[in-house]
Structure formats: C-alpha cells, structure tokens
Amino acid sequence: MSSLLTGPVVDLDTGAVIALHVAVDAAGNLPSVRLPLMLELPVEVVLSGAGALAPLHETVRRAGRHPRDVTLLITGSSGPEERQLLKVGLDGLRTIGYLLAFGGVGAGSVPLDQVADAAPYLLALSPELIDRLPGDHRAGAVARAVAALARGLGAHALANGVERETQLAQLRGWGVRMASGPLMAPGPDGRVRVPLPAPDESPSAIMLGPRVQELLLPAVTLPEQANAEEAMAAFGHEPTITSVILVDEYQRPKGSLDRSRFLLSFAARYGHALHGTKPARRLADPPRTVPRTTPAVAAMQAAGRDSGRVYDDLVVTDELNRCLGIVRVSDLIRQVSAMRG
C-alpha cells in the first residue's frame with residue numbers, strides 16, 4: 001500500500017499514471033522504473049548549497065535518469081532572510097534540468113509570494129488539507145485558493161494524500177488535475193483504477209470520435225538546446241520512435257523532429273559534419289500541437305492543413321501548452337475509420 005508520500009501520480013482526466021512519487025532507498029538508489037519520478041527535497045538541503053546537492057545529482061545519474069525526468073518536490077519552510085539564497089539554489093536546479101515543485105502548499109510551506117517568484121512547475125496541496133475534505137469548508141477554501149494560485153502561475157496543482165472518492169470529486173471541481181495517495185494505490189493486479197468523469201455521450205460528441213488524450217503515446221523529448229547528435233542518439237535508441245519533440249524548461253513544445261526527414265539530413269553527403277554538433281532545432285519543424293480535449297476528427301483536420309506534413313506526429317498539450325505526449329495520425333485514421341464503419 002502506498003503511503004501519503006509515495007506511489008503513483010495520476011492524471012484525473014484520463015486515469016493514467018504520469019509519474020511515480022518515490023523515495024531514495026537505504027542504499028541511496030532510486031527505483032528502476034520508466035515513468036518520470038517525483039522526489040522530495042527538503043528546503044534546507046537547497047539552502048545548504050551545491051555541495052549538499054551533489055548526492056542528489058549522483059543518485060539520479062546512477063539510476064540512469066536525466067534531471068528532466070525528475071520533479072523535485074521542495075518541502076519545509078524558509079525564512080525571509082533566506083529568500084535570495086533559496087532563489088539561487090532553485091535557479092541552479094532548474095538550469096540543470098530538474099522540474100521544480102513545492103510541497104505542503106496551504107499549510108506552512110514557503111511563503112506564497114516566494115513560491116510565485118520561483119515559477120514552479122507544480123504546487124502540491126498539503127495532505128493535511130486534503131484530509132479535512134470535503135466536510136471542512138475552511139480547508140476547502142484554502143485548497144481552492146491553492147488550485148487557483150497554480151492556474152495563475154501557469155503551474156499544475158497536485159493533491160497529495162487523497163483517500164476518498166468524495167475528496168476526488170471536490171478537487172476535480174476546483175480544477176485540480178493531478179492526485180496521489182491511498183485511493184491511487186495499485187490493486188492486486190498492479191493496476192491503478194481511478195473514477196473518471198462521465199464521458200460526453202451526446203450524438204455530436206460521438207460523431208467527432210474520442211479525444212486525443214485517449215490515444216496518447218509518450219513523447220520522446222529533448223531540451224530545445226540539444227544538438228543534432230543527441231537527437232540522433234534518441235532516434236537510434238529505439239527504432240519505433242517516429243519523432244523527437246524539443247521542449248523548453250517548462251515542457252512546452254518548441255520544435256518537432258520527424259524521424260524520416262531528420263535521418264535523411266544526416267544520411268546526405270557531409271550530413272554529420274554539417275549538423276552533428278549544431279543545434280537540433282535547425283532541422284526541426286514547428287510543432288503541430290492539439291489540446292488534449294481535441295476530438296479525433298478535428299485532430300485529423302488539423303493534420304491535413306499542411307500537405308507536406310500530413311503524417312507528422314501531433315503534439316498533445318495541456319491547458320498551459322505543455323507537452324503531454326504525441327498522437328500518431330495513423331492511429332487517428334484507424335479510430336475514425338472504425339467509428340464510421
């Protein structure tokens with residue numbers, strides 16, 4: 001059984017496990033999993049400087065993970081006199097590639113204006129607040145305010161410690177789209193089952209097909225500063241990869257590398273010499289993005305607007321234009337054909 005502080009992190013719109021909240025074991029190792037990781041980091045470690053953070057970097061390296069696969073959940077409090085020191089530490093972690101989050105928000109975390117200045121990727125509501133839902137209207141007011149703050153900052157809101165479906169329903173109503181806790185614990189078969197919102201079964205919605213988030217595949221991403229050799233290595237790692245998406249520090253798509261066109265550029269005479277150490281974005285096309293709620297038929301129409309890129313992968317984004325994954329046009333065609341057949 002998961003504790004409040006470990007276990008799956010679930011997208012409440014789709015029921016998909018999008019990350020794993022983990023702890024470093026007694027030997028200093030991280031679990032060997034393919035999902036993105038969420039790892040707690042006490043604020044005092046950040047305040048202690050680069051030397052104190054070295055074990056974190058080594059643990060991530062030893063696990064074979066890139067910092068961009070790890071969200072650091074900053075826990076604990078800091079005083080006004082430590083404000084600048086904390087900012088320097090967080091900026092350093094972001095530069096390395098980590099995604100930054102604040103834990104315990106709404107119950108004694110870092111001051112909210114300091115949270116806002118840090119421009120985090122995610123705000124995690126305090127489990128103490130969640131535990132008082134849905135019966136305590138005061139706790140509800142604070143949780144709702146944290147969810148609104150996250151939206152205002154362009155960050156995700158995560159509900160930690162969800163135990164009951166009644167809590168989940170209230171959180172959904174406030175726009176919280178990520179959750180973890182005992183309710184999300186895997187069953188005996190290892191699967192996570194989360195009650196999903198009722199689907200739109202109106203005739204018009206059925207005619208447009210499923211939303212693209214239901215056809216979502218994981219995206220292979222690289223920082224937008226990556227060079228072409230790094231992109232080549234990504235394509236070479238797995239022959240089924242059809243695209244590499246270049247993203248900024250907030251996971252917003254900035255470029256799309258189509259496998260065929262990219263490899264053709266490298267195969268050309270002097271291709272490696274011309275492109276190898278240069279930025280991969282020189283060979284990238286603008287990403288073709290669709291919001292995750294886009295119906296399959298509308299996504300196919302979007303794919304057909306550029307005749308030269310009809311079969312390029314579409315990048316599926318959330319409400320803040322962050323990359324959630326890709327959808328392949330061939331999958332859209334199969335879905336729409338089956339629906340109309």
# chains A, B, ... in the order shown; residues from 1 in each chain; ligands from 1

call {"tool": "residues_around", "arguments": {"residues": "Leu85 in chain A", "least_positions_apart": "2", "cutoff": "12 Å", "atoms": "only C-alpha atoms", "output": "PDB file with N, CA and C atoms, in the first residue's frame"}}
result
ATOM      1  N   VAL A  43      13.910  21.734   1.917  1.00  0.00           N
ATOM      2  CA  VAL A  43      14.372  23.064   1.548  1.00  0.00           C
ATOM      3  C   VAL A  43      15.731  23.373   2.151  1.00  0.00           C
ATOM      4  N   GLU A  44      16.013  22.800   3.331  1.00  0.00           N
ATOM      5  CA  GLU A  44      17.307  23.084   3.966  1.00  0.00           C
ATOM      6  C   GLU A  44      18.475  22.528   3.152  1.00  0.00           C
ATOM      7  N   VAL A  45      18.228  21.465   2.377  1.00  0.00           N
ATOM      8  CA  VAL A  45      19.284  20.939   1.506  1.00  0.00           C
ATOM      9  C   VAL A  45      19.589  21.943   0.402  1.00  0.00           C
ATOM     10  N   VAL A  46      18.548  22.523  -0.169  1.00  0.00           N
ATOM     11  CA  VAL A  46      18.743  23.538  -1.207  1.00  0.00           C
ATOM     12  C   VAL A  46      19.509  24.728  -0.634  1.00  0.00           C
ATOM     13  N   LEU A  47      19.169  25.124   0.575  1.00  0.00           N
ATOM     14  CA  LEU A  47      19.810  26.283   1.207  1.00  0.00           C
ATOM     15  C   LEU A  47      21.259  26.005   1.583  1.00  0.00           C
ATOM     16  N   SER A  48      21.621  24.718   1.659  1.00  0.00           N
ATOM     17  CA  SER A  48      22.985  24.366   2.075  1.00  0.00           C
ATOM     18  C   SER A  48      23.997  24.471   0.941  1.00  0.00           C
ATOM     19  N   GLY A  49      23.530  24.709  -0.272  1.00  0.00           N
ATOM     20  CA  GLY A  49      24.453  24.959  -1.366  1.00  0.00           C
ATOM     21  C   GLY A  49      24.733  23.754  -2.244  1.00  0.00           C
ATOM     22  N   ALA A  50      25.594  23.967  -3.251  1.00  0.00           N
ATOM     23  CA  ALA A  50      25.861  22.960  -4.279  1.00  0.00           C
ATOM     24  C   ALA A  50      26.423  21.668  -3.709  1.00  0.00           C
ATOM     25  N   SER A  78      11.107  28.158   4.860  1.00  0.00           N
ATOM     26  CA  SER A  78      12.299  29.001   4.901  1.00  0.00           C
ATOM     27  C   SER A  78      11.900  30.395   5.357  1.00  0.00           C
ATOM     28  N   GLY A  79      12.867  31.122   5.917  1.00  0.00           N
ATOM     29  CA  GLY A  79      12.594  32.454   6.437  1.00  0.00           C
ATOM     30  C   GLY A  79      12.881  33.542   5.418  1.00  0.00           C
ATOM     31  N   PRO A  80      12.430  34.764   5.699  1.00  0.00           N
ATOM     32  CA  PRO A  80      12.648  35.886   4.765  1.00  0.00           C
ATOM     33  C   PRO A  80      14.123  36.136   4.476  1.00  0.00           C
ATOM     34  N   GLU A  81      14.973  35.918   5.469  1.00  0.00           N
ATOM     35  CA  GLU A  81      16.400  36.177   5.295  1.00  0.00           C
ATOM     36  C   GLU A  81      17.058  35.181   4.346  1.00  0.00           C
ATOM     37  N   GLU A  82      16.367  34.061   4.066  1.00  0.00           N
ATOM     38  CA  GLU A  82      16.929  33.032   3.177  1.00  0.00           C
ATOM     39  C   GLU A  82      16.362  33.110   1.762  1.00  0.00           C
ATOM     40  N   ARG A  83      15.580  34.121   1.516  1.00  0.00           N
ATOM     41  CA  ARG A  83      14.862  34.221   0.245  1.00  0.00           C
ATOM     42  C   ARG A  83      15.802  34.195  -0.964  1.00  0.00           C
ATOM     43  N   LYS A  87      16.363  31.240  -3.857  1.00  0.00           N
ATOM     44  CA  LYS A  87      16.167  31.528  -5.282  1.00  0.00           C
ATOM     45  C   LYS A  87      17.378  31.085  -6.104  1.00  0.00           C
ATOM     46  N   VAL A  88      18.569  31.372  -5.594  1.00  0.00           N
ATOM     47  CA  VAL A  88      19.787  30.965  -6.301  1.00  0.00           C
ATOM     48  C   VAL A  88      19.849  29.444  -6.422  1.00  0.00           C
ATOM     49  N   GLY A  89      19.528  28.743  -5.325  1.00  0.00           N
ATOM     50  CA  GLY A  89      19.553  27.280  -5.346  1.00  0.00           C
ATOM     51  C   GLY A  89      18.551  26.688  -6.311  1.00  0.00           C
ATOM     52  N   LEU A  90      17.331  27.243  -6.324  1.00  0.00           N
ATOM     53  CA  LEU A  90      16.293  26.730  -7.220  1.00  0.00           C
ATOM     54  C   LEU A  90      16.628  27.031  -8.682  1.00  0.00           C
ATOM     55  N   ASP A  91      17.161  28.218  -8.932  1.00  0.00           N
ATOM     56  CA  ASP A  91      17.555  28.556 -10.304  1.00  0.00           C
ATOM     57  C   ASP A  91      18.637  27.599 -10.809  1.00  0.00           C
ATOM     58  N   GLY A  92      19.561  27.220  -9.909  1.00  0.00           N
ATOM     59  CA  GLY A  92      20.607  26.275 -10.289  1.00  0.00           C
ATOM     60  C   GLY A  92      20.043  24.913 -10.642  1.00  0.00           C
ATOM     61  N   GLN A 114       6.934  33.948  -2.398  1.00  0.00           N
ATOM     62  CA  GLN A 114       8.206  33.336  -2.773  1.00  0.00           C
ATOM     63  C   GLN A 114       7.981  32.153  -3.706  1.00  0.00           C
ATOM     64  N   ALA A 118       9.379  31.803  -7.702  1.00  0.00           N
ATOM     65  CA  ALA A 118      10.174  30.654  -8.148  1.00  0.00           C
ATOM     66  C   ALA A 118       9.653  30.049  -9.442  1.00  0.00           C
TER      67      ALA A 118
END

call {"tool": "residues_around", "arguments": {"residues": "range 124-134 of chain A", "least_positions_apart": "5", "cutoff": "7 Å", "atoms": "only C-alpha atoms", "output": "PDB file with N, CA and C atoms, in the first residue's frame"}}
result
ATOM      1  N   PHE A 102       6.600  22.673  -5.249  1.00  0.00           N
ATOM      2  CA  PHE A 102       6.567  22.951  -3.821  1.00  0.00           C
ATOM      3  C   PHE A 102       5.525  22.053  -3.177  1.00  0.00           C
ATOM      4  N   GLY A 103       5.924  21.397  -2.069  1.00  0.00           N
ATOM      5  CA  GLY A 103       5.023  20.522  -1.348  1.00  0.00           C
ATOM      6  C   GLY A 103       4.442  21.207  -0.121  1.00  0.00           C
ATOM      7  N   GLY A 104       3.312  20.679   0.356  1.00  0.00           N
ATOM      8  CA  GLY A 104       2.702  21.203   1.572  1.00  0.00           C
ATOM      9  C   GLY A 104       2.118  22.583   1.423  1.00  0.00           C
ATOM     10  N   VAL A 105       1.786  22.986   0.210  1.00  0.00           N
ATOM     11  CA  VAL A 105       1.281  24.344  -0.010  1.00  0.00           C
ATOM     12  C   VAL A 105      -0.096  24.479   0.636  1.00  0.00           C
ATOM     13  N   GLY A 106      -0.261  25.553   1.365  1.00  0.00           N
ATOM     14  CA  GLY A 106      -1.512  25.799   2.070  1.00  0.00           C
ATOM     15  C   GLY A 106      -1.433  25.495   3.546  1.00  0.00           C
ATOM     16  N   ALA A 107      -0.310  24.935   4.013  1.00  0.00           N
ATOM     17  CA  ALA A 107      -0.165  24.604   5.435  1.00  0.00           C
ATOM     18  C   ALA A 107       1.301  24.692   5.842  1.00  0.00           C
ATOM     19  N   ALA A 139     -10.935  24.381   5.222  1.00  0.00           N
ATOM     20  CA  ALA A 139      -9.874  23.694   4.479  1.00  0.00           C
ATOM     21  C   ALA A 139     -10.161  23.731   2.985  1.00  0.00           C
ATOM     22  N   GLY A 140     -11.437  23.605   2.634  1.00  0.00           N
ATOM     23  CA  GLY A 140     -11.809  23.663   1.231  1.00  0.00           C
ATOM     24  C   GLY A 140     -11.483  25.013   0.607  1.00  0.00           C
ATOM     25  N   ALA A 143      -7.717  25.060  -0.021  1.00  0.00           N
ATOM     26  CA  ALA A 143      -7.346  24.183  -1.143  1.00  0.00           C
ATOM     27  C   ALA A 143      -7.774  24.793  -2.473  1.00  0.00           C
ATOM     28  N   ALA A 157      -1.558  21.749 -10.364  1.00  0.00           N
ATOM     29  CA  ALA A 157      -1.894  21.527  -8.957  1.00  0.00           C
ATOM     30  C   ALA A 157      -1.988  20.027  -8.713  1.00  0.00           C
ATOM     31  N   LEU A 158      -1.340  19.563  -7.655  1.00  0.00           N
ATOM     32  CA  LEU A 158      -1.342  18.149  -7.277  1.00  0.00           C
ATOM     33  C   LEU A 158      -1.963  18.011  -5.899  1.00  0.00           C
ATOM     34  N   ALA A 159      -2.909  17.097  -5.767  1.00  0.00           N
ATOM     35  CA  ALA A 159      -3.495  16.786  -4.466  1.00  0.00           C
ATOM     36  C   ALA A 159      -2.790  15.567  -3.893  1.00  0.00           C
ATOM     37  N   ASN A 160      -2.070  15.761  -2.796  1.00  0.00           N
ATOM     38  CA  ASN A 160      -1.349  14.670  -2.138  1.00  0.00           C
ATOM     39  C   ASN A 160      -2.200  14.074  -1.027  1.00  0.00           C
ATOM     40  N   GLY A 161      -2.213  12.748  -0.937  1.00  0.00           N
ATOM     41  CA  GLY A 161      -2.871  12.100   0.188  1.00  0.00           C
ATOM     42  C   GLY A 161      -4.358  11.873   0.007  1.00  0.00           C
ATOM     43  N   VAL A 162      -4.831  11.752  -1.241  1.00  0.00           N
ATOM     44  CA  VAL A 162      -6.258  11.532  -1.494  1.00  0.00           C
ATOM     45  C   VAL A 162      -6.630  10.109  -1.084  1.00  0.00           C
ATOM     46  N   THR A 166     -15.010  11.093  -2.514  1.00  0.00           N
ATOM     47  CA  THR A 166     -15.648  12.391  -2.274  1.00  0.00           C
ATOM     48  C   THR A 166     -14.619  13.523  -2.320  1.00  0.00           C
ATOM     49  N   GLN A 167     -13.411  13.252  -1.840  1.00  0.00           N
ATOM     50  CA  GLN A 167     -12.338  14.241  -1.940  1.00  0.00           C
ATOM     51  C   GLN A 167     -11.991  14.495  -3.406  1.00  0.00           C
ATOM     52  N   GLN A 170     -14.497  16.714  -5.253  1.00  0.00           N
ATOM     53  CA  GLN A 170     -14.385  18.130  -4.916  1.00  0.00           C
ATOM     54  C   GLN A 170     -13.150  18.759  -5.553  1.00  0.00           C
TER      55      GLN A 170
END

call {"tool": "residues_around", "arguments": {"residues": "Arg191 in chain A", "least_positions_apart": "6", "cutoff": "10 Å", "atoms": "only C-alpha atoms", "output": "list in words"}}
result
Val17, Met184 and Ala185 of chain A

call {"tool": "closest_residue", "arguments": {"among": "A:Met300, A:Val176, A:Ile245, A:Leu41", "to": "Pro210 in chain A", "atoms": "only C-alpha atoms"}}
result
A:Met300

call {"tool": "atom_distance", "arguments": {"atom1": "CA of Leu72 in chain A", "atom2": "CA of Glu40 in chain A"}}
result
5.7 Å

call {"tool": "select_by_dssp", "arguments": {"residues": "range 81-120 of chain A", "states": "strand (DSSP E or B)", "output": "PyMOL selection string"}}
result
chain A and resi 99-105

call {"tool": "select_by_dssp", "arguments": {"residues": "range 7-121 of chain A", "states": "helix (DSSP H, G or I)", "output": "PyMOL selection string"}}
result
chain A and resi 43-47+50-62+67-69+80-96+112-117

call {"tool": "residues_around", "arguments": {"residues": "range 254-261 of chain A", "least_positions_apart": "6", "cutoff": "8 Å", "atoms": "only C-alpha atoms", "output": "PyMOL selection string"}}
result
chain A and resi 224+235+241-248+281+283-288+312-313

call {"tool": "write_last_selection", "arguments": {"atoms": "N, CA, C and O atoms", "output": "PDB file, in the first residue's frame"}}
result
ATOM      1  N   GLU A 224      15.338  22.100 -25.789  1.00  0.00           N
ATOM      2  CA  GLU A 224      15.419  22.805 -27.075  1.00  0.00           C
ATOM      3  C   GLU A 224      16.856  23.188 -27.433  1.00  0.00           C
ATOM      4  O   GLU A 224      17.156  23.472 -28.585  1.00  0.00           O
ATOM      5  N   PHE A 235      16.908   8.823 -31.602  1.00  0.00           N
ATOM      6  CA  PHE A 235      16.282   8.014 -32.657  1.00  0.00           C
ATOM      7  C   PHE A 235      16.922   6.622 -32.732  1.00  0.00           C
ATOM      8  O   PHE A 235      16.245   5.624 -32.969  1.00  0.00           O
ATOM      9  N   ILE A 241      10.551   4.933 -32.603  1.00  0.00           N
ATOM     10  CA  ILE A 241      10.359   6.361 -32.353  1.00  0.00           C
ATOM     11  C   ILE A 241      10.150   7.080 -33.679  1.00  0.00           C
ATOM     12  O   ILE A 241      10.972   6.988 -34.584  1.00  0.00           O
ATOM     13  N   THR A 242       9.043   7.779 -33.804  1.00  0.00           N
ATOM     14  CA  THR A 242       8.733   8.485 -35.050  1.00  0.00           C
ATOM     15  C   THR A 242       9.031   9.974 -34.982  1.00  0.00           C
ATOM     16  O   THR A 242       9.060  10.650 -36.009  1.00  0.00           O
ATOM     17  N   SER A 243       9.235  10.494 -33.790  1.00  0.00           N
ATOM     18  CA  SER A 243       9.526  11.923 -33.662  1.00  0.00           C
ATOM     19  C   SER A 243      10.239  12.181 -32.338  1.00  0.00           C
ATOM     20  O   SER A 243      10.124  11.398 -31.386  1.00  0.00           O
ATOM     21  N   VAL A 244      10.976  13.275 -32.310  1.00  0.00           N
ATOM     22  CA  VAL A 244      11.564  13.801 -31.077  1.00  0.00           C
ATOM     23  C   VAL A 244      11.066  15.233 -30.934  1.00  0.00           C
ATOM     24  O   VAL A 244      11.149  16.024 -31.888  1.00  0.00           O
ATOM     25  N   ILE A 245      10.539  15.548 -29.756  1.00  0.00           N
ATOM     26  CA  ILE A 245       9.975  16.871 -29.519  1.00  0.00           C
ATOM     27  C   ILE A 245      10.956  17.686 -28.682  1.00  0.00           C
ATOM     28  O   ILE A 245      11.408  17.233 -27.617  1.00  0.00           O
ATOM     29  N   LEU A 246      11.301  18.866 -29.154  1.00  0.00           N
ATOM     30  CA  LEU A 246      12.171  19.773 -28.417  1.00  0.00           C
ATOM     31  C   LEU A 246      11.309  20.644 -27.519  1.00  0.00           C
ATOM     32  O   LEU A 246      10.333  21.260 -27.980  1.00  0.00           O
ATOM     33  N   VAL A 247      11.642  20.684 -26.227  1.00  0.00           N
ATOM     34  CA  VAL A 247      10.815  21.401 -25.256  1.00  0.00           C
ATOM     35  C   VAL A 247      11.659  22.403 -24.476  1.00  0.00           C
ATOM     36  O   VAL A 247      12.881  22.247 -24.350  1.00  0.00           O
ATOM     37  N   ASP A 248      10.994  23.423 -23.923  1.00  0.00           N
ATOM     38  CA  ASP A 248      11.703  24.382 -23.081  1.00  0.00           C
ATOM     39  C   ASP A 248      11.690  23.894 -21.641  1.00  0.00           C
ATOM     40  O   ASP A 248      11.260  22.767 -21.350  1.00  0.00           O
ATOM     41  N   ARG A 281      17.480  22.113 -33.348  1.00  0.00           N
ATOM     42  CA  ARG A 281      16.337  22.920 -33.788  1.00  0.00           C
ATOM     43  C   ARG A 281      16.520  23.463 -35.209  1.00  0.00           C
ATOM     44  O   ARG A 281      15.543  23.864 -35.850  1.00  0.00           O
ATOM     45  N   LEU A 283      17.107  21.713 -37.680  1.00  0.00           N
ATOM     46  CA  LEU A 283      16.465  20.723 -38.543  1.00  0.00           C
ATOM     47  C   LEU A 283      15.009  20.465 -38.138  1.00  0.00           C
ATOM     48  O   LEU A 283      14.360  19.588 -38.710  1.00  0.00           O
ATOM     49  N   ALA A 284      14.537  21.203 -37.141  1.00  0.00           N
ATOM     50  CA  ALA A 284      13.196  20.956 -36.605  1.00  0.00           C
ATOM     51  C   ALA A 284      12.144  21.770 -37.349  1.00  0.00           C
ATOM     52  O   ALA A 284      12.419  22.847 -37.890  1.00  0.00           O
ATOM     53  N   ASP A 285      10.948  21.240 -37.373  1.00  0.00           N
ATOM     54  CA  ASP A 285       9.775  21.969 -37.856  1.00  0.00           C
ATOM     55  C   ASP A 285       9.018  22.522 -36.654  1.00  0.00           C
ATOM     56  O   ASP A 285       9.171  22.020 -35.525  1.00  0.00           O
ATOM     57  N   PRO A 286       8.176  23.530 -36.866  1.00  0.00           N
ATOM     58  CA  PRO A 286       7.317  23.980 -35.765  1.00  0.00           C
ATOM     59  C   PRO A 286       6.440  22.827 -35.289  1.00  0.00           C
ATOM     60  O   PRO A 286       5.921  22.061 -36.119  1.00  0.00           O
ATOM     61  N   PRO A 287       6.275  22.661 -34.000  1.00  0.00           N
ATOM     62  CA  PRO A 287       5.425  21.555 -33.518  1.00  0.00           C
ATOM     63  C   PRO A 287       3.969  21.780 -33.913  1.00  0.00           C
ATOM     64  O   PRO A 287       3.463  22.899 -33.857  1.00  0.00           O
ATOM     65  N   ARG A 288       3.334  20.700 -34.325  1.00  0.00           N
ATOM     66  CA  ARG A 288       1.898  20.768 -34.624  1.00  0.00           C
ATOM     67  C   ARG A 288       1.165  20.316 -33.362  1.00  0.00           C
ATOM     68  O   ARG A 288       1.130  19.120 -33.047  1.00  0.00           O
ATOM     69  N   ASP A 312       3.001  13.692 -39.997  1.00  0.00           N
ATOM     70  CA  ASP A 312       3.827  14.019 -38.827  1.00  0.00           C
ATOM     71  C   ASP A 312       3.021  13.812 -37.547  1.00  0.00           C
ATOM     72  O   ASP A 312       1.807  14.074 -37.510  1.00  0.00           O
ATOM     73  N   ASP A 313       3.695  13.373 -36.481  1.00  0.00           N
ATOM     74  CA  ASP A 313       3.035  13.228 -35.189  1.00  0.00           C
ATOM     75  C   ASP A 313       2.480  14.573 -34.716  1.00  0.00           C
ATOM     76  O   ASP A 313       3.094  15.626 -34.922  1.00  0.00           O
TER      77      ASP A 313
END

call {"tool": "residues_around", "arguments": {"residues": "Leu30 in chain A", "least_positions_apart": "5", "cutoff": "8 Å", "atoms": "only C-alpha atoms", "output": "short mmCIF file (atom, residue, chain, number, x, y, z; two decimals) with all heavy atoms, in the first residue's frame"}}
result
data_model
loop_
_atom_site.label_atom_id
_atom_site.label_comp_id
_atom_site.auth_asym_id
_atom_site.auth_seq_id
_atom_site.Cartn_x
_atom_site.Cartn_y
_atom_site.Cartn_z
N VAL A 22 8.52 8.82 -5.39
CA VAL A 22 9.43 7.81 -4.86
C VAL A 22 10.30 8.37 -3.75
O VAL A 22 10.39 9.58 -3.55
CB VAL A 22 10.35 7.24 -5.97
CG1 VAL A 22 9.53 6.62 -7.09
CG2 VAL A 22 11.27 8.33 -6.53
N ALA A 23 10.94 7.46 -3.04
CA ALA A 23 11.94 7.81 -2.04
C ALA A 23 13.23 7.07 -2.36
O ALA A 23 13.21 5.99 -2.96
CB ALA A 23 11.45 7.43 -0.64
N VAL A 24 14.35 7.66 -1.99
CA VAL A 24 15.64 7.00 -2.15
C VAL A 24 15.75 5.90 -1.10
O VAL A 24 15.41 6.11 0.06
CB VAL A 24 16.79 8.02 -1.97
CG1 VAL A 24 18.15 7.33 -2.10
CG2 VAL A 24 16.67 9.14 -3.00
N ASP A 25 16.18 4.69 -1.50
CA ASP A 25 16.25 3.59 -0.54
C ASP A 25 17.49 3.70 0.35
O ASP A 25 18.29 4.64 0.22
CB ASP A 25 16.20 2.24 -1.26
CG ASP A 25 17.44 1.96 -2.12
OD1 ASP A 25 18.49 2.61 -1.91
OD2 ASP A 25 17.35 1.08 -3.00
N THR A 59 22.79 10.35 -7.37
CA THR A 59 21.73 9.33 -7.31
C THR A 59 20.97 9.27 -8.63
O THR A 59 20.67 8.19 -9.15
CB THR A 59 20.77 9.66 -6.15
OG1 THR A 59 21.48 9.58 -4.91
CG2 THR A 59 19.60 8.69 -6.12
N VAL A 60 20.64 10.44 -9.17
CA VAL A 60 19.92 10.49 -10.45
C VAL A 60 20.79 9.92 -11.56
O VAL A 60 20.32 9.15 -12.41
CB VAL A 60 19.49 11.94 -10.75
CG1 VAL A 60 18.91 12.05 -12.16
CG2 VAL A 60 18.46 12.42 -9.72
N ALA A 63 21.04 6.14 -11.42
CA ALA A 63 19.80 5.48 -11.83
C ALA A 63 19.60 5.54 -13.34
O ALA A 63 18.62 4.98 -13.86
CB ALA A 63 18.60 6.14 -11.13
#

call {"tool": "atom_distance", "arguments": {"atom1": "CA of Arg177 in chain A", "atom2": "CA of His156 in chain A"}}
result
7.5 Å

call {"tool": "closest_residue", "arguments": {"among": "A:Val192, A:Ala298, A:Leu100, A:Ala169", "to": "Gly7 in chain A", "atoms": "only C-alpha atoms"}}
result
A:Val192

call {"tool": "atom_distance", "arguments": {"atom1": "CA of Val220 in chain A", "atom2": "CA of Ile96 in chain A"}}
result
18.6 Å

call {"tool": "closest_residue", "arguments": {"among": "A:Met38, A:Ala16, A:Leu216, A:Ala228", "to": "Thr293 in chain A", "atoms": "only C-alpha atoms"}}
result
A:Leu216
